[in-house]
file model_33.csv (CSV, C-alpha atoms)
chain,number,residue,atom,x,y,z
A,1,MET,CA,87.9,91.6,119.3
A,2,ILE,CA,85.8,88.6,120.0
A,3,LEU,CA,88.0,86.0,121.7
A,4,LEU,CA,86.1,82.8,122.0
A,5,SER,CA,89.5,81.2,122.5
A,6,LEU,CA,89.9,82.7,125.9
A,7,LEU,CA,88.3,79.4,127.0
A,8,LEU,CA,91.4,77.6,125.9
A,9,ALA,CA,93.2,79.1,128.8
A,10,ALA,CA,90.3,79.7,131.2
A,11,ALA,CA,91.6,76.9,133.4
A,12,SER,CA,95.2,76.9,132.3
A,13,GLY,CA,96.9,73.7,133.3
A,14,GLN,CA,93.7,71.9,134.2
A,15,TYR,CA,92.7,70.5,130.8
A,16,SER,CA,93.4,70.7,127.1
A,17,LEU,CA,91.2,70.6,124.1
A,18,PRO,CA,91.7,68.2,121.2
A,19,PRO,CA,94.5,69.4,118.8
A,20,VAL,CA,93.5,71.0,115.5
A,21,ALA,CA,95.1,68.9,112.8
A,22,LYS,CA,95.7,71.7,110.4
A,23,PRO,CA,94.8,75.4,110.8
A,24,SER,CA,92.1,76.5,108.4
A,25,ALA,CA,92.9,79.0,105.8
A,26,CYS,CA,91.5,82.5,105.8
A,27,ARG,CA,91.0,83.6,102.1
A,28,ALA,CA,90.9,87.4,101.8
A,29,GLU,CA,87.2,88.6,101.6
A,30,ASP,CA,85.8,85.1,101.8
A,31,GLY,CA,87.4,84.7,105.3
A,32,TYR,CA,87.1,81.2,106.7
A,33,ALA,CA,83.9,80.4,104.9
A,34,ALA,CA,85.3,77.5,102.8
A,35,ALA,CA,86.5,75.7,106.0
A,36,PHE,CA,83.6,76.7,108.2
A,37,GLY,CA,80.4,75.6,106.5
A,38,GLY,CA,79.9,78.9,104.7
A,39,ARG,CA,80.4,80.9,107.9
A,40,ARG,CA,82.3,84.0,106.7
A,41,THR,CA,84.3,84.9,109.8
A,42,PHE,CA,87.6,86.7,109.9
A,43,LEU,CA,88.7,86.7,113.5
A,44,LEU,CA,87.0,83.6,114.7
A,45,LYS,CA,88.9,80.5,113.6
A,46,PRO,CA,86.9,77.3,112.8
A,47,GLY,CA,89.3,74.8,114.3
A,48,GLN,CA,89.2,76.5,117.7
A,49,LEU,CA,85.5,76.9,117.9
A,50,GLN,CA,84.9,73.4,116.6
A,51,ALA,CA,87.3,72.0,119.2
A,52,ILE,CA,85.4,73.7,122.0
A,53,LYS,CA,82.1,72.4,120.6
A,54,ALA,CA,83.4,68.9,120.5
A,55,VAL,CA,83.9,68.8,124.2
A,56,ARG,CA,80.9,70.9,125.1
A,57,ASP,CA,79.0,68.1,127.0
A,58,HIS,CA,81.7,66.1,128.7
A,59,ASP,CA,84.4,68.6,129.7
A,60,PRO,CA,83.2,70.2,133.0
A,61,VAL,CA,85.0,73.5,132.5
A,62,VAL,CA,83.6,73.9,129.0
A,63,ARG,CA,80.1,72.8,130.1
A,64,GLN,CA,80.1,75.5,132.9
A,65,ALA,CA,81.0,78.2,130.4
A,66,TYR,CA,78.4,76.8,127.9
A,67,VAL,CA,75.6,76.9,130.4
A,68,ALA,CA,76.5,80.5,131.3
A,69,LEU,CA,76.6,81.5,127.7
A,70,LEU,CA,73.1,80.1,127.1
A,71,ALA,CA,71.8,82.0,130.2
A,72,HIS,CA,73.1,85.3,128.7
A,73,ALA,CA,71.6,84.3,125.3
A,74,ASP,CA,68.3,83.6,126.9
A,75,ALA,CA,68.3,87.1,128.5
A,76,ALA,CA,69.1,88.5,125.1
A,77,LEU,CA,66.1,86.6,123.6
A,78,ALA,CA,63.9,88.6,126.0
A,79,ARG,CA,65.2,92.0,125.1
A,80,GLN,CA,63.8,94.2,122.5
A,81,PRO,CA,66.4,95.1,119.8
A,82,GLY,CA,68.0,98.5,120.4
A,83,SER,CA,68.6,101.2,117.8
A,84,VAL,CA,69.9,104.7,117.4
A,85,MET,CA,66.2,105.8,117.6
A,86,ASP,CA,66.1,105.1,121.3
A,87,LYS,CA,68.2,108.0,122.5
A,88,THR,CA,66.5,111.0,124.1
A,89,ARG,CA,68.8,113.7,122.6
A,90,LEU,CA,68.8,114.8,119.0
A,91,PRO,CA,72.1,115.0,117.1
A,92,PRO,CA,73.1,118.4,115.8
A,93,SER,CA,72.0,117.2,112.3
A,94,GLY,CA,68.5,116.9,113.5
A,95,ASP,CA,68.5,113.3,112.2
A,96,ARG,CA,68.0,110.7,114.9
A,97,HIS,CA,69.5,108.1,112.6
A,98,ASP,CA,72.9,109.7,113.2
A,99,TYR,CA,74.9,108.0,116.0
A,100,LEU,CA,75.5,110.3,119.0
A,101,SER,CA,77.8,109.9,122.0
A,102,ILE,CA,80.0,112.0,124.3
A,103,ALA,CA,83.7,111.7,125.1
A,104,PRO,CA,84.3,109.6,128.2
A,105,TYR,CA,86.8,111.7,130.0
A,106,TRP,CA,85.3,115.2,129.8
A,107,TRP,CA,83.4,116.7,132.6
A,108,PRO,CA,81.5,120.0,133.5
A,109,ASP,CA,83.7,122.8,134.8
A,110,PRO,CA,83.0,122.8,138.6
A,111,ALA,CA,83.5,126.6,138.6
A,112,ASP,CA,80.9,127.2,135.9
A,113,PRO,CA,78.8,124.4,134.4
A,114,ASP,CA,78.0,126.5,131.4
A,115,ARG,CA,81.6,126.7,130.3
A,116,PRO,CA,83.2,124.1,128.0
A,117,TYR,CA,83.9,120.8,129.5
A,118,LEU,CA,87.3,119.9,131.1
A,119,ARG,CA,89.3,116.7,130.6
A,120,ARG,CA,89.9,114.3,133.5
A,121,ASP,CA,91.9,111.5,131.9
A,122,GLY,CA,90.8,108.0,133.0
A,123,GLU,CA,87.6,109.2,134.8
A,124,ILE,CA,84.6,108.2,132.8
A,125,ASN,CA,81.6,110.7,132.8
A,126,PRO,CA,78.6,108.4,133.7
A,127,ILE,CA,76.3,110.5,131.5
A,128,ARG,CA,78.0,108.8,128.5
A,129,GLU,CA,76.2,105.6,129.3
A,130,THR,CA,72.7,107.0,129.8
A,131,ARG,CA,69.8,106.7,127.3
A,132,ALA,CA,70.5,110.3,126.3
A,133,TYR,CA,73.1,108.9,123.9
A,134,ASP,CA,73.6,105.9,121.7
A,135,ARG,CA,76.7,104.4,123.3
A,136,SER,CA,74.9,102.1,125.7
A,137,ALA,CA,72.5,100.9,123.0
A,138,LEU,CA,75.5,100.2,120.8
A,139,SER,CA,77.1,98.2,123.6
A,140,VAL,CA,74.0,96.1,124.1
A,141,MET,CA,73.5,95.5,120.4
A,142,SER,CA,77.0,94.3,119.9
A,143,ALA,CA,77.0,92.0,122.9
A,144,ASP,CA,73.6,90.6,122.1
A,145,ALA,CA,74.5,89.9,118.5
A,146,GLU,CA,77.7,88.1,119.5
A,147,THR,CA,76.1,86.2,122.4
A,148,LEU,CA,73.2,85.0,120.4
A,149,ALA,CA,75.3,84.0,117.4
A,150,LEU,CA,77.7,82.0,119.6
A,151,ALA,CA,74.8,80.4,121.4
A,152,TYR,CA,73.4,79.3,118.0
A,153,PHE,CA,76.7,77.9,116.9
A,154,TYR,CA,77.2,75.8,120.1
A,155,SER,CA,73.6,74.7,120.6
A,156,ASP,CA,72.2,74.6,117.0
A,157,ASP,CA,69.1,76.2,118.4
A,158,ARG,CA,67.6,78.3,115.6
A,159,ARG,CA,65.9,80.6,118.1
A,160,TYR,CA,69.2,82.3,118.8
A,161,ALA,CA,70.0,82.8,115.1
A,162,ASP,CA,66.6,84.3,114.6
A,163,LYS,CA,67.0,86.8,117.4
A,164,ALA,CA,70.6,87.7,116.4
A,165,ALA,CA,69.3,88.4,112.9
A,166,GLY,CA,66.6,90.7,114.3
A,167,VAL,CA,69.1,92.6,116.4
A,168,ILE,CA,71.4,93.1,113.4
A,169,ARG,CA,68.5,94.0,111.1
A,170,THR,CA,67.1,96.6,113.5
A,171,TRP,CA,70.5,98.4,113.9
A,172,PHE,CA,71.6,98.3,110.3
A,173,LEU,CA,68.8,97.6,107.8
A,174,ASP,CA,65.3,98.6,108.9
A,175,PRO,CA,64.7,102.0,107.3
A,176,ALA,CA,62.7,103.1,110.4
A,177,THR,CA,65.6,102.3,112.9
A,178,ALA,CA,68.8,102.0,110.9
A,179,MET,CA,71.9,103.9,111.8
A,180,ASN,CA,73.4,106.2,109.1
A,181,PRO,CA,76.9,104.9,108.2
A,182,ASN,CA,78.9,107.6,109.9
A,183,ALA,CA,80.2,108.6,113.3
A,184,ARG,CA,80.5,112.3,112.9
A,185,PHE,CA,78.7,113.0,116.2
A,186,ALA,CA,80.6,110.4,118.2
A,187,GLN,CA,82.5,111.5,121.4
A,188,GLY,CA,81.5,115.1,121.3
A,189,VAL,CA,82.5,117.5,124.0
A,190,ARG,CA,80.2,120.2,125.2
A,191,GLY,CA,81.4,123.7,124.3
A,192,ARG,CA,84.3,122.3,122.2
A,193,SER,CA,83.1,119.9,119.4
A,194,SER,CA,79.9,118.2,118.3
A,195,GLY,CA,82.0,115.1,117.4
A,196,ARG,CA,85.7,114.1,117.5
A,197,ALA,CA,88.0,111.8,115.6
A,198,ALA,CA,88.2,109.7,118.7
A,199,GLY,CA,84.6,108.8,118.2
A,200,VAL,CA,85.7,106.3,115.5
A,201,LEU,CA,86.8,104.1,118.4
A,202,ASP,CA,83.1,103.6,119.3
A,203,THR,CA,82.4,101.7,116.1
A,204,SER,CA,84.9,98.9,116.9
A,205,ALA,CA,81.8,97.5,118.5
A,206,PHE,CA,80.8,96.5,115.0
A,207,GLN,CA,83.6,94.0,114.8
A,208,PRO,CA,81.8,91.3,116.9
A,209,VAL,CA,78.7,91.9,114.8
A,210,ILE,CA,80.6,91.1,111.6
A,211,GLU,CA,81.7,87.8,113.2
A,212,ALA,CA,78.1,87.2,114.4
A,213,ILE,CA,76.7,87.6,110.9
A,214,GLY,CA,79.1,84.9,109.7
A,215,LEU,CA,78.2,82.5,112.5
A,216,ILE,CA,74.5,82.6,111.8
A,217,THR,CA,74.8,82.3,108.0
A,218,PRO,CA,73.9,78.6,107.8
A,219,SER,CA,70.6,79.3,109.5
A,220,GLY,CA,69.4,81.4,106.6
A,221,THR,CA,67.8,83.9,109.0
A,222,LEU,CA,69.4,86.7,107.1
A,223,ALA,CA,68.4,86.6,103.5
A,224,VAL,CA,71.0,86.8,100.7
A,225,THR,CA,69.7,90.2,99.9
A,226,GLU,CA,70.1,91.3,103.5
A,227,GLN,CA,73.6,90.0,103.6
A,228,ALA,CA,74.3,92.1,100.5
A,229,ALA,CA,72.7,95.1,102.1
A,230,LEU,CA,74.9,94.7,105.3
A,231,GLU,CA,78.0,94.5,103.1
A,232,ALA,CA,76.8,97.7,101.3
A,233,TRP,CA,76.3,99.4,104.7
A,234,PHE,CA,79.8,98.6,105.7
A,235,SER,CA,81.2,99.7,102.4
A,236,ARG,CA,79.6,103.1,102.9
A,237,TYR,CA,81.1,103.3,106.4
A,238,VAL,CA,84.5,102.3,105.0
A,239,ASP,CA,84.2,105.3,102.6
A,240,TRP,CA,83.2,107.6,105.5
A,241,ILE,CA,86.1,106.7,107.8
A,242,ARG,CA,88.6,106.9,104.9
A,243,GLN,CA,87.3,110.3,103.5
A,244,SER,CA,85.9,112.2,106.4
A,245,PRO,CA,88.1,114.7,108.3
A,246,ALA,CA,87.4,112.8,111.6
A,247,GLY,CA,88.4,109.5,110.0
A,248,ARG,CA,91.6,110.9,108.5
A,249,ARG,CA,92.6,112.5,111.8
A,250,GLU,CA,92.1,109.1,113.5
A,251,GLN,CA,94.1,107.3,110.8
A,252,ALA,CA,96.9,109.8,111.4
A,253,ALA,CA,96.9,109.1,115.2
A,254,LYS,CA,100.2,107.8,116.6
A,255,ASN,CA,98.7,106.0,119.6
A,256,ASN,CA,96.1,103.3,120.3
A,257,HIS,CA,93.6,105.2,118.1
A,258,GLY,CA,95.7,104.6,115.0
A,259,LEU,CA,96.0,100.9,115.8
A,260,TRP,CA,92.3,100.5,116.3
A,261,PHE,CA,91.6,102.5,113.1
A,262,ASP,CA,93.6,100.0,111.1
A,263,ALA,CA,91.9,97.0,112.8
A,264,GLN,CA,88.4,98.4,112.0
A,265,LEU,CA,89.2,99.5,108.5
A,266,ALA,CA,90.8,96.1,107.5
A,267,HIS,CA,87.9,94.2,109.1
A,268,PHE,CA,85.1,96.3,107.7
A,269,ALA,CA,86.7,96.3,104.2
A,270,LEU,CA,87.0,92.5,104.2
A,271,PHE,CA,83.4,92.1,105.2
A,272,ALA,CA,82.4,94.7,102.5
A,273,ARG,CA,84.3,92.7,99.9
A,274,ARG,CA,86.8,95.4,99.3
A,275,PRO,CA,90.0,93.4,99.8
A,276,ASP,CA,92.3,96.0,98.2
A,277,VAL,CA,91.5,98.4,101.0
A,278,ALA,CA,92.2,95.8,103.7
A,279,ARG,CA,95.4,94.6,102.0
A,280,ARG,CA,96.8,98.1,101.7
A,281,THR,CA,96.1,98.8,105.4
A,282,ILE,CA,97.8,95.5,106.4
A,283,GLU,CA,100.8,95.9,104.2
A,284,ALA,CA,101.4,99.5,105.5
A,285,PHE,CA,101.1,98.4,109.1
A,286,PRO,CA,104.8,97.5,109.8
A,287,LYS,CA,106.0,100.9,108.5
A,288,GLN,CA,103.2,103.1,109.7
A,289,ARG,CA,102.5,101.5,113.1
A,290,ILE,CA,105.2,99.2,114.3
A,291,ALA,CA,108.1,101.4,113.2
A,292,VAL,CA,106.5,104.5,114.6
A,293,GLN,CA,104.6,103.5,117.7
A,294,PHE,CA,106.7,100.5,119.0
A,295,ASP,CA,109.9,101.1,121.0
A,296,PRO,CA,112.8,98.7,120.6
A,297,SER,CA,112.3,97.9,124.3
A,298,GLY,CA,108.8,96.7,123.6
A,299,ALA,CA,107.1,99.7,125.1
A,300,LEU,CA,104.4,101.7,123.4
A,301,PRO,CA,105.5,105.2,124.5
A,302,ALA,CA,102.3,107.0,123.5
A,303,GLU,CA,100.4,104.9,126.1
A,304,LEU,CA,102.8,105.2,129.0
A,305,GLY,CA,101.9,108.8,129.9
A,306,ARG,CA,98.3,108.1,130.4
A,307,THR,CA,96.8,107.8,133.9
A,308,ARG,CA,95.9,104.2,132.9
A,309,SER,CA,99.2,103.3,131.2
A,310,MET,CA,99.0,99.5,131.5
A,311,HIS,CA,95.4,99.4,130.5
A,312,TYR,CA,96.1,101.5,127.4
A,313,SER,CA,99.2,99.5,126.5
A,314,VAL,CA,97.1,96.3,126.6
A,315,TYR,CA,94.3,98.0,124.7
A,316,ALA,CA,96.6,99.2,122.0
A,317,LEU,CA,98.2,95.8,121.5
A,318,ASP,CA,94.8,94.2,121.3
A,319,GLY,CA,94.0,96.3,118.3
A,320,ALA,CA,97.4,95.4,116.8
A,321,TYR,CA,96.6,91.7,117.4
A,322,ASP,CA,93.4,92.1,115.4
A,323,VAL,CA,95.4,93.4,112.5
A,324,ALA,CA,97.8,90.5,112.8
A,325,ASP,CA,94.8,88.0,112.8
A,326,LEU,CA,93.3,89.7,109.7
A,327,ALA,CA,96.7,89.8,107.9
A,328,VAL,CA,96.6,86.0,107.8
A,329,CYS,CA,93.8,86.4,105.3
A,330,PHE,CA,96.4,87.7,102.9
A,331,ASP,CA,99.2,85.3,103.9
A,332,ARG,CA,101.0,88.0,105.8
A,333,ASP,CA,102.7,87.1,109.0
A,334,LEU,CA,102.6,90.1,111.3
A,335,TRP,CA,102.8,87.9,114.4
A,336,ASN,CA,106.4,87.1,113.7
A,337,TYR,CA,107.4,90.3,111.9
A,338,VAL,CA,110.6,92.0,113.4
A,339,GLY,CA,111.4,95.5,112.4
A,340,THR,CA,114.3,97.9,113.0
A,341,GLY,CA,115.8,97.6,116.5
A,342,GLY,CA,113.7,94.4,117.1
A,343,ARG,CA,110.4,96.2,117.1
A,344,SER,CA,107.6,93.6,117.0
A,345,LEU,CA,104.3,92.4,118.5
A,346,ARG,CA,106.1,89.8,120.4
A,347,LYS,CA,108.6,92.2,121.9
A,348,ALA,CA,105.7,94.5,122.9
A,349,THR,CA,103.9,91.5,124.5
A,350,GLU,CA,106.9,90.5,126.5
A,351,PHE,CA,107.3,94.0,127.8
A,352,LEU,CA,103.9,93.7,129.4
A,353,ALA,CA,103.9,90.0,130.3
A,354,VAL,CA,106.7,90.3,132.9
A,355,TYR,CA,104.3,92.5,135.0
A,356,ARG,CA,101.6,89.9,135.2
A,357,GLY,CA,100.8,89.6,138.9
A,358,ARG,CA,103.3,92.3,139.7
A,359,PRO,CA,101.4,95.6,139.6
A,360,ALA,CA,103.8,97.2,142.2
A,361,ALA,CA,106.7,96.7,139.8
A,362,TRP,CA,105.0,98.8,137.0
A,363,ARG,CA,106.6,102.2,137.2
A,364,TYR,CA,104.1,104.1,135.1
A,365,PRO,CA,100.8,105.7,136.1
A,366,GLU,CA,97.9,103.2,136.6
A,367,THR,CA,94.8,103.9,138.6
A,368,ARG,CA,93.1,100.5,138.2
A,369,TRP,CA,95.3,97.5,137.5
A,370,PRO,CA,93.8,95.6,134.5
A,371,ALA,CA,94.6,92.1,135.5
A,372,THR,CA,91.9,90.4,133.5
A,373,GLU,CA,92.6,92.4,130.4
A,374,LEU,CA,96.3,91.5,130.6
A,375,ASP,CA,95.4,87.8,131.0
A,376,ALA,CA,93.1,88.0,128.0
A,377,LEU,CA,95.9,89.6,125.9
A,378,LEU,CA,98.4,86.9,127.0
A,379,THR,CA,95.9,84.2,126.1
A,380,ARG,CA,95.8,85.6,122.6
A,381,ALA,CA,99.6,85.6,122.6
A,382,ASP,CA,99.6,81.9,123.5
A,383,LEU,CA,97.2,81.1,120.6
A,384,ALA,CA,99.6,83.0,118.3
A,385,TRP,CA,103.0,81.7,119.5
A,386,GLY,CA,102.2,78.5,121.3
A,387,PRO,CA,100.6,77.5,124.7
A,388,ARG,CA,102.3,78.4,128.0
A,389,VAL,CA,104.6,81.0,126.3
A,390,HIS,CA,103.0,83.5,128.7
A,391,PRO,CA,101.8,81.5,131.7
A,392,ARG,CA,99.0,82.5,133.9
A,393,SER,CA,97.9,81.1,137.3
A,394,ASN,CA,95.1,78.5,137.5
A,395,THR,CA,93.0,81.0,139.4
A,396,TRP,CA,92.4,83.2,136.3
A,397,PRO,CA,88.6,83.8,136.3
A,398,LEU,CA,86.7,81.6,134.0
A,399,PRO,CA,85.1,83.6,131.2
A,400,LEU,CA,82.1,82.7,129.1
A,401,LEU,CA,82.7,81.5,125.6
A,402,TYR,CA,82.8,85.1,124.3
A,403,SER,CA,84.1,88.5,125.2
A,404,ALA,CA,80.7,90.1,125.6
A,405,GLU,CA,81.9,93.5,124.7
A,406,THR,CA,85.1,94.8,123.3
A,407,ASN,CA,87.1,97.1,125.5
A,408,ALA,CA,87.0,99.7,122.8
A,409,LEU,CA,83.6,100.8,123.9
A,410,LEU,CA,85.1,102.3,127.0
A,411,LYS,CA,87.6,104.5,125.3
call {"tool": "encode", "arguments": {"input": "model_33.csv", "output": "structure tokens"}}
result
Amino acid sequence: MILLSLLLAAASGQYSLPPVAKPSACRAEDGYAAAFGGRRTFLLKPGQLQAIKAVRDHDPVVRQAYVALLAHADAALARQPGSVMDKTRLPPSGDRHDYLSIAPYWWPDPADPDRPYLRRDGEINPIRETRAYDRSALSVMSADAETLALAYFYSDDRRYADKAAGVIRTWFLDPATAMNPNARFAQGVRGRSSGRAAGVLDTSAFQPVIEAIGLITPSGTLAVTEQAALEAWFSRYVDWIRQSPAGRREQAAKNNHGLWFDAQLAHFALFARRPDVARRTIEAFPKQRIAVQFDPSGALPAELGRTRSMHYSVYALDGAYDVADLAVCFDRDLWNYVGTGGRSLRKATEFLAVYRGRPAAWRYPETRWPATELDALLTRADLAWGPRVHPRSNTWPLPLLYSAETNALLK
């Protein structure tokens, strides 16, 4: 999820942005376009972004983040747009336009490298990030599209919109470089599978791209026909994740995978102007996810057995937060929903919040304490339920005006 609003808590207690008089309305497949100058975003909220822009030049904290954002955007200007054609390995289909990646936690058998790979939970195989596969190119594409679009919004410099459009066009639209709308060869495991249901997690990197497309709309750098073609691409991908065996398995998952499946499906369907698909996903969320995956204590039991239990608990909730943000587009309030036994997003958030700054008190496995990830989640919680509900220290690291890359790319 893109979280521009992290800036609102970047220096918690040091300053506050001007209040937003009235929250803007998200209207189904039109998103926030009516309140945002035609920018069809779904997760990025006009009032929050406009409040940040209003103090861009005279608030020192915002100014620092803005300058850093432009530095990253300038670096993106100098990069060639990436595509699925850049990888050095060929997918099993023989079609280089098919996305290809390997699972993060699978490694060669030390006793015999020719045998099927073995799983080492929480330990990422570095080969995953090499140019042999598409995962790294996807990461850069997503981050660059997001960075450039935000730089355009905050600076009004058309160069950034032009480049963002080029990055998006190369990955999705140009017949010579476009990705086929499927993830059937994502997160494969040597000797076991050419692709896995878990590979659907990789495409959560498309969520920042959808928001970027909305942000650059006023520039006209993407023609109306190109906008329609992007919507059609995502409509085909929605069909793939709903109908393919991999997509159906992922939808049936009872852990963070299921939560992120719903976040992606609802987001992509809204962008593709298929609101009925998004609405059904959102309306089923309390019964299919909260009632099944959330414990009355607030814990997410499926995540607690992992070697990185706090990380995955935060990560799972982040996907659930996306669904709650998208539910607003249908006038559904998942933020304050309370199910049987008190199961709720807020209870799950409070279960994690008490461990902020107290890693030694966490009694579940965790190899690398995700302090920044937890702070980011609690910032989103403050935006949903009110500031200072989940306080953080003033030393929390100042982020840029954007998330750069969703955590989902690491799963």
call {"tool": "residues_around", "arguments": {"input": "model_33.csv", "residues": "Tyr66 of chain A", "least_positions_apart": "4", "cutoff": "10 Å", "atoms": "only C-alpha atoms", "output": "MDAnalysis selection string"}}
result
chainID A and resid 52:53 56:57 60:62 70:71 150:151 154:155 400:401
call {"tool": "closest_atom_pairs", "arguments": {"input": "model_33.csv", "of": "segment 254-337 of chain A", "to": "segment 236-245 of chain A", "cutoff": "7 Å", "atoms": "only C-alpha atoms", "output": "CSV"}}
result
residue,atom,partner,partner_atom,distance
A:Leu265,CA,A:Val238,CA,6.5
A:Phe268,CA,A:Val238,CA,6.6
A:Ala269,CA,A:Val238,CA,6.4
call {"tool": "residues_around", "arguments": {"input": "model_33.csv", "residues": "segment 125-134 of chain A", "least_positions_apart": "4", "cutoff": "7 Å", "atoms": "all atoms listed in the file", "output": "list in words"}}
result
Val84, Lys87, Thr88, Arg89, Tyr99, Leu100, Ser101, Ile102, Pro104, Tyr105, Trp106, Trp107 and Leu138 of chain A
call {"tool": "atom_distance", "arguments": {"input": "model_33.csv", "atom1": "atom CA of Ser219 of chain A", "atom2": "atom CA of Gln50 of chain A"}}
result
17.0 Å
call {"tool": "atom_distance", "arguments": {"input": "model_33.csv", "atom1": "atom CA of Gly94 of chain A", "atom2": "atom CA of Ser204 of chain A"}}
result
24.6 Å
call {"tool": "atom_distance", "arguments": {"input": "model_33.csv", "atom1": "atom CA of Arg289 of chain A", "atom2": "atom CA of Asp30 of chain A"}}
result
26.0 Å
call {"tool": "closest_residue", "arguments": {"input": "model_33.csv", "among": "A:Gly122, A:Gly214, A:Gly258, A:Gly82", "to": "Pro46 of chain A", "atoms": "only C-alpha atoms"}}
result
A:Gly214
call {"tool": "closest_atom_pairs", "arguments": {"input": "model_33.csv", "of": "segment 170-233 of chain A", "to": "segment 314-322 of chain A", "cutoff": "12 Å", "atoms": "only C-alpha atoms", "output": "Markdown table"}}
result
| residue | atom | partner | partner_atom | distance |
| --- | --- | --- | --- | --- |
| A:Leu201 | CA | A:Gly319 | CA | 10.6 |
| A:Ser204 | CA | A:Gly319 | CA | 9.6 |
| A:Gln207 | CA | A:Asp322 | CA | 10.0 |
| A:Pro208 | CA | A:Asp322 | CA | 11.7 |
call {"tool": "closest_atom_pairs", "arguments": {"input": "model_33.csv", "of": "segment 43-117 of chain A", "to": "segment 139-144 of chain A", "cutoff": "8 Å", "atoms": "only C-alpha atoms", "output": "CSV"}}
result
residue,atom,partner,partner_atom,distance
A:Ala73,CA,A:Asp144,CA,7.3
A:Ala76,CA,A:Asp144,CA,5.8
A:Pro81,CA,A:Met141,CA,7.1
A:Gly82,CA,A:Met141,CA,6.3
A:Ser83,CA,A:Met141,CA,8.0
call {"tool": "write_last_selection", "arguments": {"input": "model_33.csv", "atoms": "C-alpha atoms", "output": "PDB file, keeping the file's coordinate frame"}}
result
ATOM      1  CA  ALA A  73      71.600  84.300 125.300  1.00  0.00           C
ATOM      2  CA  ALA A  76      69.100  88.500 125.100  1.00  0.00           C
ATOM      3  CA  PRO A  81      66.400  95.100 119.800  1.00  0.00           C
ATOM      4  CA  GLY A  82      68.000  98.500 120.400  1.00  0.00           C
ATOM      5  CA  SER A  83      68.600 101.200 117.800  1.00  0.00           C
TER       6      SER A  83
END
call {"tool": "residues_around", "arguments": {"input": "model_33.csv", "residues": "segment 272-283 of chain A", "least_positions_apart": "4", "cutoff": "10 Å", "atoms": "all atoms listed in the file", "output": "MDAnalysis selection string"}}
result
chainID A and resid 28:30 210 228:238 242 261:268 287:288 323:324 326:330 332 334
call {"tool": "closest_residue", "arguments": {"input": "model_33.csv", "among": "A:Phe271, A:Tyr117, A:Tyr312, A:Tyr152", "to": "Ala299 of chain A", "atoms": "only C-alpha atoms"}}
result
A:Tyr312
call {"tool": "residues_around", "arguments": {"input": "model_33.csv", "residues": "Asn336 of chain A", "least_positions_apart": "6", "cutoff": "8 Å", "atoms": "only C-alpha atoms", "output": "PDB file with C-alpha atoms, in the coordinates of the input"}}
result
ATOM      1  CA  SER A 344     107.600  93.600 117.000  1.00  0.00           C
ATOM      2  CA  LEU A 345     104.300  92.400 118.500  1.00  0.00           C
ATOM      3  CA  ARG A 346     106.100  89.800 120.400  1.00  0.00           C
TER       4      ARG A 346
END
call {"tool": "closest_residue", "arguments": {"input": "model_33.csv", "among": "A:Arg135, A:Lys45, A:Arg159, A:His97", "to": "Asp74 of chain A", "atoms": "all atoms listed in the file"}}
result
A:Arg159
